[in-house]
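Working notes for the structure below.
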Amino acid sequence: MNRYVIKNNVKLMCRSWGNILLFIIMPVILVFCLSSAFGTLMSKYEDTEMTAGYRIEGDSITAEMIETMCEVAEDNNITLNEYPTGNPEKLIQENELTGFIVFKDDTYKVYEDSDNAALGKVLEYFVNAFYENGTAAAMGVDTDSVKIRVEHPDFVKSIDATDYYGIVEIIYFGWCAIVAGAGIFMNEKKYKIRKRYQVANLSPIKDYLGRFIPIAIVASLGTVIAALLTVVLLGVHWGNPLLSMLILVASVMAASALGIMIYCITDNMVATIILMFAIVWVFGFWGGSFETYMFSSHPMFLKNISPIYHIDRAVVELSCMGHSDYVKNAIGYSGLIIVVTSIISVIVGKIRRRAVA
């Protein structure tokens, strides 16, 4: 019976072939756009001298600790020079500055050199880090805490934007796997297939597997095909292809299980897509799908909450280093999500059946 359910659900998914096609093509298009737009941001950070300008306007709180900021900046190979007047953008060009910081009251604005956006990003990160630790630094307690913490800049081989976004965006879209399974849920309600399964006395576990297996298979195949397209069309380098694909498939399976759980709770496809996309966006925001995790200033505890961070970091490091300490985290996190969400889905399915009965 379960084979029949799986086969039938695969057919239902194939009827909505447009969703599956978009699921494959859209990440490839996004990879192309992002790799072109943010190519300079992926230049490898090197411990080189940087010179930036600054100006304090109004009653900025920074005025009280600007001397400490300059000292800490020097420790990080950043020289801060004050420019009381002048247009920041012109000053950057005329004095060959890495960037320019304007401090106003309790806010600040960082101007970056458009020709050297990577170092500009480092400057922005430094200012953010200083403000997070600025009070202690100003009091002379611990200026070492304001060191620039670019994750592994010394030993990670350079990875360009095409490789980075070619990996993380495929992973990100893989977490939208529920879109590939939309055909199952829509046709179940349209043709009242759920009632037929109940008459056939299909157990909640078999009912769940009848959804999970076909969605996971189709979504995984679509994600792997999209990854292969990035290799063929864009030349993306996936380090250790077999292990990377294993992590990718485990990630898609976790996303499928999570999406099914949300649908079992809401019993509404529109609500499921909205909630799933919101969750995935937050996971991606913390995990490096938009801002590269190497330059990200999000606290580590937020990154560790996101399964996408562990998966992104594992596969990216496999690409540029050939190995990663995050492989176990990525697979373990995905496995945990599959187990927990599957149990919840089965329990919710049992409760719904009792309510109907």
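Chain identifiers are assigned as A, B, and so on, following the order in which chains appear in the structure tokens; residues are numbered from 1 within each chain, and ligands are numbered from 1 in order of appearance.
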TODO: Write out as JSON, numbers by chain which residues come within 10 Å of Gly120 in chain A when counting only C-alpha atoms, dropping same-chain ones fewer than 4 positions away.
DONE: {"A": [41, 50, 52, 97, 98, 99, 100, 110, 111, 112, 113, 114, 115, 116, 124, 125, 126]}
What would the file look like if the residues just selected were written as a PDB file, in the first residue's frame with N, CA, C and O atoms?
ATOM      1  N   LEU A  41      33.382  41.628  -3.109  1.00  0.00           N
ATOM      2  CA  LEU A  41      33.266  41.420  -1.671  1.00  0.00           C
ATOM      3  C   LEU A  41      33.928  40.134  -1.224  1.00  0.00           C
ATOM      4  O   LEU A  41      34.191  39.941  -0.047  1.00  0.00           O
ATOM      5  N   MET A  50      45.634  49.705   6.361  1.00  0.00           N
ATOM      6  CA  MET A  50      44.479  50.409   5.833  1.00  0.00           C
ATOM      7  C   MET A  50      44.466  51.812   6.419  1.00  0.00           C
ATOM      8  O   MET A  50      44.809  52.008   7.592  1.00  0.00           O
ATOM      9  N   ALA A  52      41.905  55.148   6.846  1.00  0.00           N
ATOM     10  CA  ALA A  52      40.532  55.623   6.719  1.00  0.00           C
ATOM     11  C   ALA A  52      40.407  56.994   7.376  1.00  0.00           C
ATOM     12  O   ALA A  52      41.208  57.367   8.245  1.00  0.00           O
ATOM     13  N   LEU A  97      41.790  56.766   0.503  1.00  0.00           N
ATOM     14  CA  LEU A  97      41.375  56.170   1.765  1.00  0.00           C
ATOM     15  C   LEU A  97      40.589  54.888   1.518  1.00  0.00           C
ATOM     16  O   LEU A  97      39.920  54.734   0.491  1.00  0.00           O
ATOM     17  N   THR A  98      40.674  53.983   2.469  1.00  0.00           N
ATOM     18  CA  THR A  98      39.879  52.761   2.394  1.00  0.00           C
ATOM     19  C   THR A  98      38.400  53.063   2.592  1.00  0.00           C
ATOM     20  O   THR A  98      37.532  52.425   1.990  1.00  0.00           O
ATOM     21  N   GLY A  99      38.122  54.032   3.445  1.00  0.00           N
ATOM     22  CA  GLY A  99      36.744  54.426   3.722  1.00  0.00           C
ATOM     23  C   GLY A  99      36.719  55.677   4.575  1.00  0.00           C
ATOM     24  O   GLY A  99      37.763  56.248   4.915  1.00  0.00           O
ATOM     25  N   PHE A 100      35.522  56.106   4.937  1.00  0.00           N
ATOM     26  CA  PHE A 100      35.361  57.310   5.735  1.00  0.00           C
ATOM     27  C   PHE A 100      34.188  57.098   6.681  1.00  0.00           C
ATOM     28  O   PHE A 100      33.133  56.591   6.278  1.00  0.00           O
ATOM     29  N   VAL A 110      29.285  54.713   7.431  1.00  0.00           N
ATOM     30  CA  VAL A 110      30.558  54.326   6.845  1.00  0.00           C
ATOM     31  C   VAL A 110      30.481  54.468   5.331  1.00  0.00           C
ATOM     32  O   VAL A 110      29.606  53.881   4.689  1.00  0.00           O
ATOM     33  N   TYR A 111      31.383  55.267   4.752  1.00  0.00           N
ATOM     34  CA  TYR A 111      31.502  55.397   3.307  1.00  0.00           C
ATOM     35  C   TYR A 111      32.625  54.466   2.853  1.00  0.00           C
ATOM     36  O   TYR A 111      33.704  54.449   3.461  1.00  0.00           O
ATOM     37  N   GLU A 112      32.379  53.698   1.793  1.00  0.00           N
ATOM     38  CA  GLU A 112      33.377  52.743   1.322  1.00  0.00           C
ATOM     39  C   GLU A 112      33.944  53.160  -0.025  1.00  0.00           C
ATOM     40  O   GLU A 112      33.274  53.830  -0.821  1.00  0.00           O
ATOM     41  N   ASP A 113      35.180  52.752  -0.269  1.00  0.00           N
ATOM     42  CA  ASP A 113      35.804  52.960  -1.570  1.00  0.00           C
ATOM     43  C   ASP A 113      35.199  51.950  -2.536  1.00  0.00           C
ATOM     44  O   ASP A 113      35.315  50.742  -2.339  1.00  0.00           O
ATOM     45  N   SER A 114      34.507  52.435  -3.571  1.00  0.00           N
ATOM     46  CA  SER A 114      33.833  51.536  -4.508  1.00  0.00           C
ATOM     47  C   SER A 114      34.800  50.608  -5.226  1.00  0.00           C
ATOM     48  O   SER A 114      34.412  49.533  -5.696  1.00  0.00           O
ATOM     49  N   ASP A 115      36.065  50.991  -5.302  1.00  0.00           N
ATOM     50  CA  ASP A 115      37.064  50.157  -5.983  1.00  0.00           C
ATOM     51  C   ASP A 115      37.680  49.109  -5.061  1.00  0.00           C
ATOM     52  O   ASP A 115      38.451  48.267  -5.502  1.00  0.00           O
ATOM     53  N   ASN A 116      37.374  49.189  -3.769  1.00  0.00           N
ATOM     54  CA  ASN A 116      37.947  48.235  -2.816  1.00  0.00           C
ATOM     55  C   ASN A 116      36.911  47.932  -1.741  1.00  0.00           C
ATOM     56  O   ASN A 116      37.102  48.204  -0.560  1.00  0.00           O
ATOM     57  N   GLU A 124      33.921  48.538   8.129  1.00  0.00           N
ATOM     58  CA  GLU A 124      32.581  48.570   8.701  1.00  0.00           C
ATOM     59  C   GLU A 124      32.457  47.572   9.843  1.00  0.00           C
ATOM     60  O   GLU A 124      31.861  47.852  10.888  1.00  0.00           O
ATOM     61  N   TYR A 125      33.042  46.406   9.659  1.00  0.00           N
ATOM     62  CA  TYR A 125      33.011  45.386  10.702  1.00  0.00           C
ATOM     63  C   TYR A 125      33.759  45.868  11.944  1.00  0.00           C
ATOM     64  O   TYR A 125      33.317  45.647  13.073  1.00  0.00           O
ATOM     65  N   PHE A 126      34.885  46.529  11.747  1.00  0.00           N
ATOM     66  CA  PHE A 126      35.678  47.034  12.874  1.00  0.00           C
ATOM     67  C   PHE A 126      34.873  48.025  13.703  1.00  0.00           C
ATOM     68  O   PHE A 126      34.843  47.949  14.940  1.00  0.00           O
TER      69      PHE A 126
END
Open item on the list: Which residues are near range 158-171 of chain A? Cut-off 8 Å, only C-alpha atoms, ignore same chain within fewer than 2 positions. Put them as a PyMOL selection string.
Closed with: chain A and resi 27-28+30-32+34-36+38-44+156+173-175+223+226-227+230+234-238+248+251-252+288-289+308+311-312+315-316+319-320
Just the selected residues (C-alpha atoms), exported as a JSON list (two decimals), in the first residue's frame, please.
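Writing the result to result35.json gives the following:
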[["chain", "number", "residue", "atom", "x", "y", "z"],
["A", 27, "PRO", "CA", 18.68, 29.27, -7.83],
["A", 28, "VAL", "CA", 20.93, 29.12, -10.92],
["A", 30, "LEU", "CA", 20.16, 33.96, -8.53],
["A", 31, "VAL", "CA", 23.70, 32.55, -8.33],
["A", 32, "PHE", "CA", 24.57, 34.25, -11.61],
["A", 34, "LEU", "CA", 24.80, 37.56, -6.97],
["A", 35, "SER", "CA", 28.19, 36.32, -8.15],
["A", 36, "SER", "CA", 28.31, 39.18, -10.66],
["A", 38, "PHE", "CA", 29.19, 40.95, -5.21],
["A", 39, "GLY", "CA", 32.35, 39.60, -6.78],
["A", 40, "THR", "CA", 34.62, 42.19, -5.14],
["A", 41, "LEU", "CA", 33.27, 41.42, -1.67],
["A", 42, "MET", "CA", 34.78, 37.94, -1.80],
["A", 43, "SER", "CA", 38.34, 39.13, -2.22],
["A", 44, "LYS", "CA", 40.48, 37.44, 0.39],
["A", 156, "VAL", "CA", 41.23, 29.45, 4.29],
["A", 173, "PHE", "CA", 16.70, 27.13, -2.26],
["A", 174, "GLY", "CA", 16.93, 23.50, -1.18],
["A", 175, "TRP", "CA", 15.27, 24.62, 2.04],
["A", 223, "THR", "CA", 18.59, 20.50, -6.00],
["A", 226, "ALA", "CA", 20.60, 22.77, -10.01],
["A", 227, "ALA", "CA", 24.03, 22.19, -8.44],
["A", 230, "THR", "CA", 26.04, 25.71, -11.69],
["A", 234, "LEU", "CA", 29.09, 28.89, -14.14],
["A", 235, "GLY", "CA", 32.07, 26.72, -13.26],
["A", 236, "VAL", "CA", 31.26, 26.43, -9.55],
["A", 237, "HIS", "CA", 33.72, 24.21, -7.68],
["A", 238, "TRP", "CA", 32.18, 21.77, -5.22],
["A", 248, "LEU", "CA", 23.07, 18.76, 0.35],
["A", 251, "SER", "CA", 19.72, 19.33, 4.07],
["A", 252, "VAL", "CA", 16.87, 18.98, 1.56],
["A", 288, "GLY", "CA", 25.37, 33.45, 5.29],
["A", 289, "SER", "CA", 22.94, 33.15, 2.37],
["A", 308, "ILE", "CA", 21.88, 26.71, 7.20],
["A", 311, "ILE", "CA", 25.57, 23.45, 6.18],
["A", 312, "ASP", "CA", 26.90, 26.53, 4.34],
["A", 315, "VAL", "CA", 30.20, 22.79, 2.08],
["A", 316, "VAL", "CA", 32.04, 26.10, 1.48],
["A", 319, "SER", "CA", 35.18, 23.67, -1.62],
["A", 320, "CYS", "CA", 38.08, 25.93, -0.61]]
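With only C-alpha atoms as the atoms that count, the minimum distance from Ile24 in chain A to the choices A:Leu80, A:Ala180, A:Ile92, A:Ile101 is reached by A:Ala180.
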- [ ] Would you kindly return, as a ChimeraX atom specification, each protein, DNA or RNA residue with an atom no farther than 9 Å from any atom of Met253 in chain A, considering only C-alpha atoms and excluding same-chain residues fewer than 2 positions away?
- [x] /A:174-175,177,212-213,215-217,219-220,248-251,255-258,334-335,338
Please write the residues from the selection above to a file, keeping N, CA and C atoms, as a PDB file, in the first residue's frame.
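This went into out.pdb:
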ATOM      1  N   GLY A 174      17.263  24.859  -1.588  1.00  0.00           N
ATOM      2  CA  GLY A 174      16.929  23.498  -1.175  1.00  0.00           C
ATOM      3  C   GLY A 174      16.031  23.482   0.039  1.00  0.00           C
ATOM      4  N   TRP A 175      16.127  24.530   0.858  1.00  0.00           N
ATOM      5  CA  TRP A 175      15.269  24.619   2.044  1.00  0.00           C
ATOM      6  C   TRP A 175      13.858  25.072   1.701  1.00  0.00           C
ATOM      7  N   ALA A 177      12.054  23.283  -0.238  1.00  0.00           N
ATOM      8  CA  ALA A 177      11.632  22.021  -0.860  1.00  0.00           C
ATOM      9  C   ALA A 177      10.125  21.836  -0.864  1.00  0.00           C
ATOM     10  N   PHE A 212       6.532  12.250   2.744  1.00  0.00           N
ATOM     11  CA  PHE A 212       7.931  12.642   2.941  1.00  0.00           C
ATOM     12  C   PHE A 212       8.860  12.063   1.878  1.00  0.00           C
ATOM     13  N   ILE A 213       8.743  10.779   1.595  1.00  0.00           N
ATOM     14  CA  ILE A 213       9.673  10.126   0.659  1.00  0.00           C
ATOM     15  C   ILE A 213       9.619  10.749  -0.736  1.00  0.00           C
ATOM     16  N   ILE A 215       8.487  13.723  -1.720  1.00  0.00           N
ATOM     17  CA  ILE A 215       8.925  15.126  -1.700  1.00  0.00           C
ATOM     18  C   ILE A 215      10.436  15.202  -1.558  1.00  0.00           C
ATOM     19  N   ALA A 216      10.997  14.406  -0.649  1.00  0.00           N
ATOM     20  CA  ALA A 216      12.444  14.405  -0.432  1.00  0.00           C
ATOM     21  C   ALA A 216      13.188  13.960  -1.687  1.00  0.00           C
ATOM     22  N   ILE A 217      12.658  12.942  -2.381  1.00  0.00           N
ATOM     23  CA  ILE A 217      13.316  12.434  -3.588  1.00  0.00           C
ATOM     24  C   ILE A 217      13.300  13.480  -4.700  1.00  0.00           C
ATOM     25  N   ALA A 219      12.644  16.768  -4.531  1.00  0.00           N
ATOM     26  CA  ALA A 219      13.353  17.996  -4.159  1.00  0.00           C
ATOM     27  C   ALA A 219      14.867  17.791  -4.173  1.00  0.00           C
ATOM     28  N   SER A 220      15.319  16.626  -3.723  1.00  0.00           N
ATOM     29  CA  SER A 220      16.759  16.335  -3.728  1.00  0.00           C
ATOM     30  C   SER A 220      17.287  16.255  -5.153  1.00  0.00           C
ATOM     31  N   LEU A 248      24.141  18.053   1.060  1.00  0.00           N
ATOM     32  CA  LEU A 248      23.072  18.760   0.354  1.00  0.00           C
ATOM     33  C   LEU A 248      21.765  17.978   0.412  1.00  0.00           C
ATOM     34  N   VAL A 249      21.835  16.685   0.166  1.00  0.00           N
ATOM     35  CA  VAL A 249      20.634  15.845   0.198  1.00  0.00           C
ATOM     36  C   VAL A 249      20.060  15.770   1.614  1.00  0.00           C
ATOM     37  N   ALA A 250      20.931  15.616   2.615  1.00  0.00           N
ATOM     38  CA  ALA A 250      20.469  15.594   4.004  1.00  0.00           C
ATOM     39  C   ALA A 250      19.778  16.906   4.357  1.00  0.00           C
ATOM     40  N   SER A 251      20.313  18.015   3.843  1.00  0.00           N
ATOM     41  CA  SER A 251      19.721  19.327   4.073  1.00  0.00           C
ATOM     42  C   SER A 251      18.330  19.424   3.467  1.00  0.00           C
ATOM     43  N   ALA A 255      14.657  19.935   5.241  1.00  0.00           N
ATOM     44  CA  ALA A 255      13.725  20.979   4.819  1.00  0.00           C
ATOM     45  C   ALA A 255      12.368  20.382   4.468  1.00  0.00           C
ATOM     46  N   SER A 256      12.364  19.225   3.807  1.00  0.00           N
ATOM     47  CA  SER A 256      11.118  18.553   3.444  1.00  0.00           C
ATOM     48  C   SER A 256      10.338  18.159   4.688  1.00  0.00           C
ATOM     49  N   ALA A 257      11.039  17.584   5.660  1.00  0.00           N
ATOM     50  CA  ALA A 257      10.386  17.159   6.902  1.00  0.00           C
ATOM     51  C   ALA A 257       9.816  18.357   7.656  1.00  0.00           C
ATOM     52  N   LEU A 258      10.571  19.453   7.696  1.00  0.00           N
ATOM     53  CA  LEU A 258      10.098  20.658   8.377  1.00  0.00           C
ATOM     54  C   LEU A 258       8.867  21.224   7.687  1.00  0.00           C
ATOM     55  N   SER A 334      20.846  18.253  10.431  1.00  0.00           N
ATOM     56  CA  SER A 334      19.803  17.842   9.488  1.00  0.00           C
ATOM     57  C   SER A 334      19.081  16.589   9.983  1.00  0.00           C
ATOM     58  N   GLY A 335      19.857  15.627  10.481  1.00  0.00           N
ATOM     59  CA  GLY A 335      19.259  14.406  10.995  1.00  0.00           C
ATOM     60  C   GLY A 335      18.341  14.657  12.171  1.00  0.00           C
ATOM     61  N   ILE A 338      15.067  16.101  10.936  1.00  0.00           N
ATOM     62  CA  ILE A 338      14.245  15.066  10.300  1.00  0.00           C
ATOM     63  C   ILE A 338      13.524  14.232  11.350  1.00  0.00           C
TER      64      ILE A 338
END
Residue neighbourhood Thr266 in chain A, 12 Å, only C-alpha atoms, exclusion window fewer than 5 positions, as a PDB file with N, CA, C and O atoms, in the first residue's frame:
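Writing done, so here's out_31.pdb:
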ATOM      1  N   PHE A 185      -0.241  18.302  -1.886  1.00  0.00           N
ATOM      2  CA  PHE A 185      -1.222  18.839  -0.943  1.00  0.00           C
ATOM      3  C   PHE A 185      -2.416  19.462  -1.652  1.00  0.00           C
ATOM      4  O   PHE A 185      -3.554  19.337  -1.193  1.00  0.00           O
ATOM      5  N   GLY A 259       8.880  21.271   6.359  1.00  0.00           N
ATOM      6  CA  GLY A 259       7.740  21.788   5.615  1.00  0.00           C
ATOM      7  C   GLY A 259       6.498  20.945   5.808  1.00  0.00           C
ATOM      8  O   GLY A 259       5.383  21.473   5.968  1.00  0.00           O
ATOM      9  N   ILE A 260       6.651  19.632   5.808  1.00  0.00           N
ATOM     10  CA  ILE A 260       5.508  18.732   6.011  1.00  0.00           C
ATOM     11  C   ILE A 260       4.933  18.918   7.414  1.00  0.00           C
ATOM     12  O   ILE A 260       3.711  18.907   7.612  1.00  0.00           O
ATOM     13  N   MET A 261       5.810  19.080   8.409  1.00  0.00           N
ATOM     14  CA  MET A 261       5.336  19.296   9.775  1.00  0.00           C
ATOM     15  C   MET A 261       4.483  20.560   9.864  1.00  0.00           C
ATOM     16  O   MET A 261       3.405  20.551  10.496  1.00  0.00           O
ATOM     17  N   ALA A 271      -0.536  29.099   4.100  1.00  0.00           N
ATOM     18  CA  ALA A 271       0.081  29.387   5.403  1.00  0.00           C
ATOM     19  C   ALA A 271       1.405  28.646   5.551  1.00  0.00           C
ATOM     20  O   ALA A 271       2.368  29.182   6.114  1.00  0.00           O
ATOM     21  N   THR A 272       1.472  27.430   5.028  1.00  0.00           N
ATOM     22  CA  THR A 272       2.703  26.642   5.102  1.00  0.00           C
ATOM     23  C   THR A 272       3.844  27.323   4.349  1.00  0.00           C
ATOM     24  O   THR A 272       4.959  27.434   4.862  1.00  0.00           O
ATOM     25  N   ILE A 273       3.551  27.787   3.140  1.00  0.00           N
ATOM     26  CA  ILE A 273       4.588  28.437   2.335  1.00  0.00           C
ATOM     27  C   ILE A 273       5.057  29.730   2.997  1.00  0.00           C
ATOM     28  O   ILE A 273       6.258  30.012   3.060  1.00  0.00           O
ATOM     29  N   ILE A 274       4.127  30.509   3.532  1.00  0.00           N
ATOM     30  CA  ILE A 274       4.489  31.768   4.186  1.00  0.00           C
ATOM     31  C   ILE A 274       5.369  31.499   5.405  1.00  0.00           C
ATOM     32  O   ILE A 274       6.428  32.132   5.579  1.00  0.00           O
ATOM     33  N   LEU A 275       4.949  30.576   6.257  1.00  0.00           N
ATOM     34  CA  LEU A 275       5.718  30.269   7.465  1.00  0.00           C
ATOM     35  C   LEU A 275       7.078  29.662   7.116  1.00  0.00           C
ATOM     36  O   LEU A 275       8.101  30.019   7.706  1.00  0.00           O
ATOM     37  N   MET A 276       7.081  28.752   6.141  1.00  0.00           N
ATOM     38  CA  MET A 276       8.331  28.090   5.768  1.00  0.00           C
ATOM     39  C   MET A 276       9.320  29.092   5.179  1.00  0.00           C
ATOM     40  O   MET A 276      10.508  29.084   5.524  1.00  0.00           O
ATOM     41  N   SER A 345       4.951  15.379  13.138  1.00  0.00           N
ATOM     42  CA  SER A 345       3.994  15.221  12.037  1.00  0.00           C
ATOM     43  C   SER A 345       3.111  13.998  12.245  1.00  0.00           C
ATOM     44  O   SER A 345       1.888  14.048  12.029  1.00  0.00           O
ATOM     45  N   VAL A 348       0.644  14.720  15.141  1.00  0.00           N
ATOM     46  CA  VAL A 348      -0.427  15.621  14.686  1.00  0.00           C
ATOM     47  C   VAL A 348      -1.400  14.870  13.787  1.00  0.00           C
ATOM     48  O   VAL A 348      -2.621  15.065  13.861  1.00  0.00           O
ATOM     49  N   GLY A 349      -0.874  13.977  12.919  1.00  0.00           N
ATOM     50  CA  GLY A 349      -1.736  13.178  12.052  1.00  0.00           C
ATOM     51  C   GLY A 349      -2.678  12.298  12.850  1.00  0.00           C
ATOM     52  O   GLY A 349      -3.868  12.163  12.510  1.00  0.00           O
ATOM     53  N   ARG A 352      -5.434  14.496  14.438  1.00  0.00           N
ATOM     54  CA  ARG A 352      -6.444  14.914  13.449  1.00  0.00           C
ATOM     55  C   ARG A 352      -7.403  13.775  13.134  1.00  0.00           C
ATOM     56  O   ARG A 352      -8.606  13.979  12.963  1.00  0.00           O
TER      57      ARG A 352
END
- [ ] Have a look at A:Asn95, A:Thr68, A:Asn81, A:Asn268 and name the one nearest to Met186 in chain A; count only C-alpha atoms.
- [x] A:Asn268
Task: Residues of range 160-351 of chain A in helix (DSSP H, G or I), written as a PyMOL selection string - done: chain A and resi 161-174+177-179+182-190+193-199+204-234+241-266+269-287+300-305+307-320+327-351
Open item on the list: I'd like to know which of A:Ala254, A:Leu302, A:Met269, A:Val122 is closest to Val339 in chain A, using only C-alpha atoms.
Closed with: A:Ala254
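Taking CA of Glu49 in chain A as the reference point, CA of Ile78 in chain A is found at 6.0 Å.
Excluding Ile56 in chain A and any residue on its chain fewer than 4 positions from it, the residues at most 8 Å away by only C-alpha atoms are Ser60, Thr62, Ala63, Pro84, Val102, Phe103 and Lys104 of chain A.
With only C-alpha atoms as the atoms that count, the minimum distance from Lys121 in chain A to the choices A:Gly332, A:Glu96, A:Thr292, A:Glu188 is reached by A:Thr292.
Shortest separation to Glu317 in chain A among A:Cys70, A:Leu243, A:Ile343, A:Ile279 occurs at residue A:Leu243, atoms counted being only C-alpha atoms.
When only C-alpha atoms are used to measure the gap to Lys90 in chain A, the shortest distance among A:Gly53, A:Asp325, A:Lys109, A:Met69 belongs to A:Gly53.
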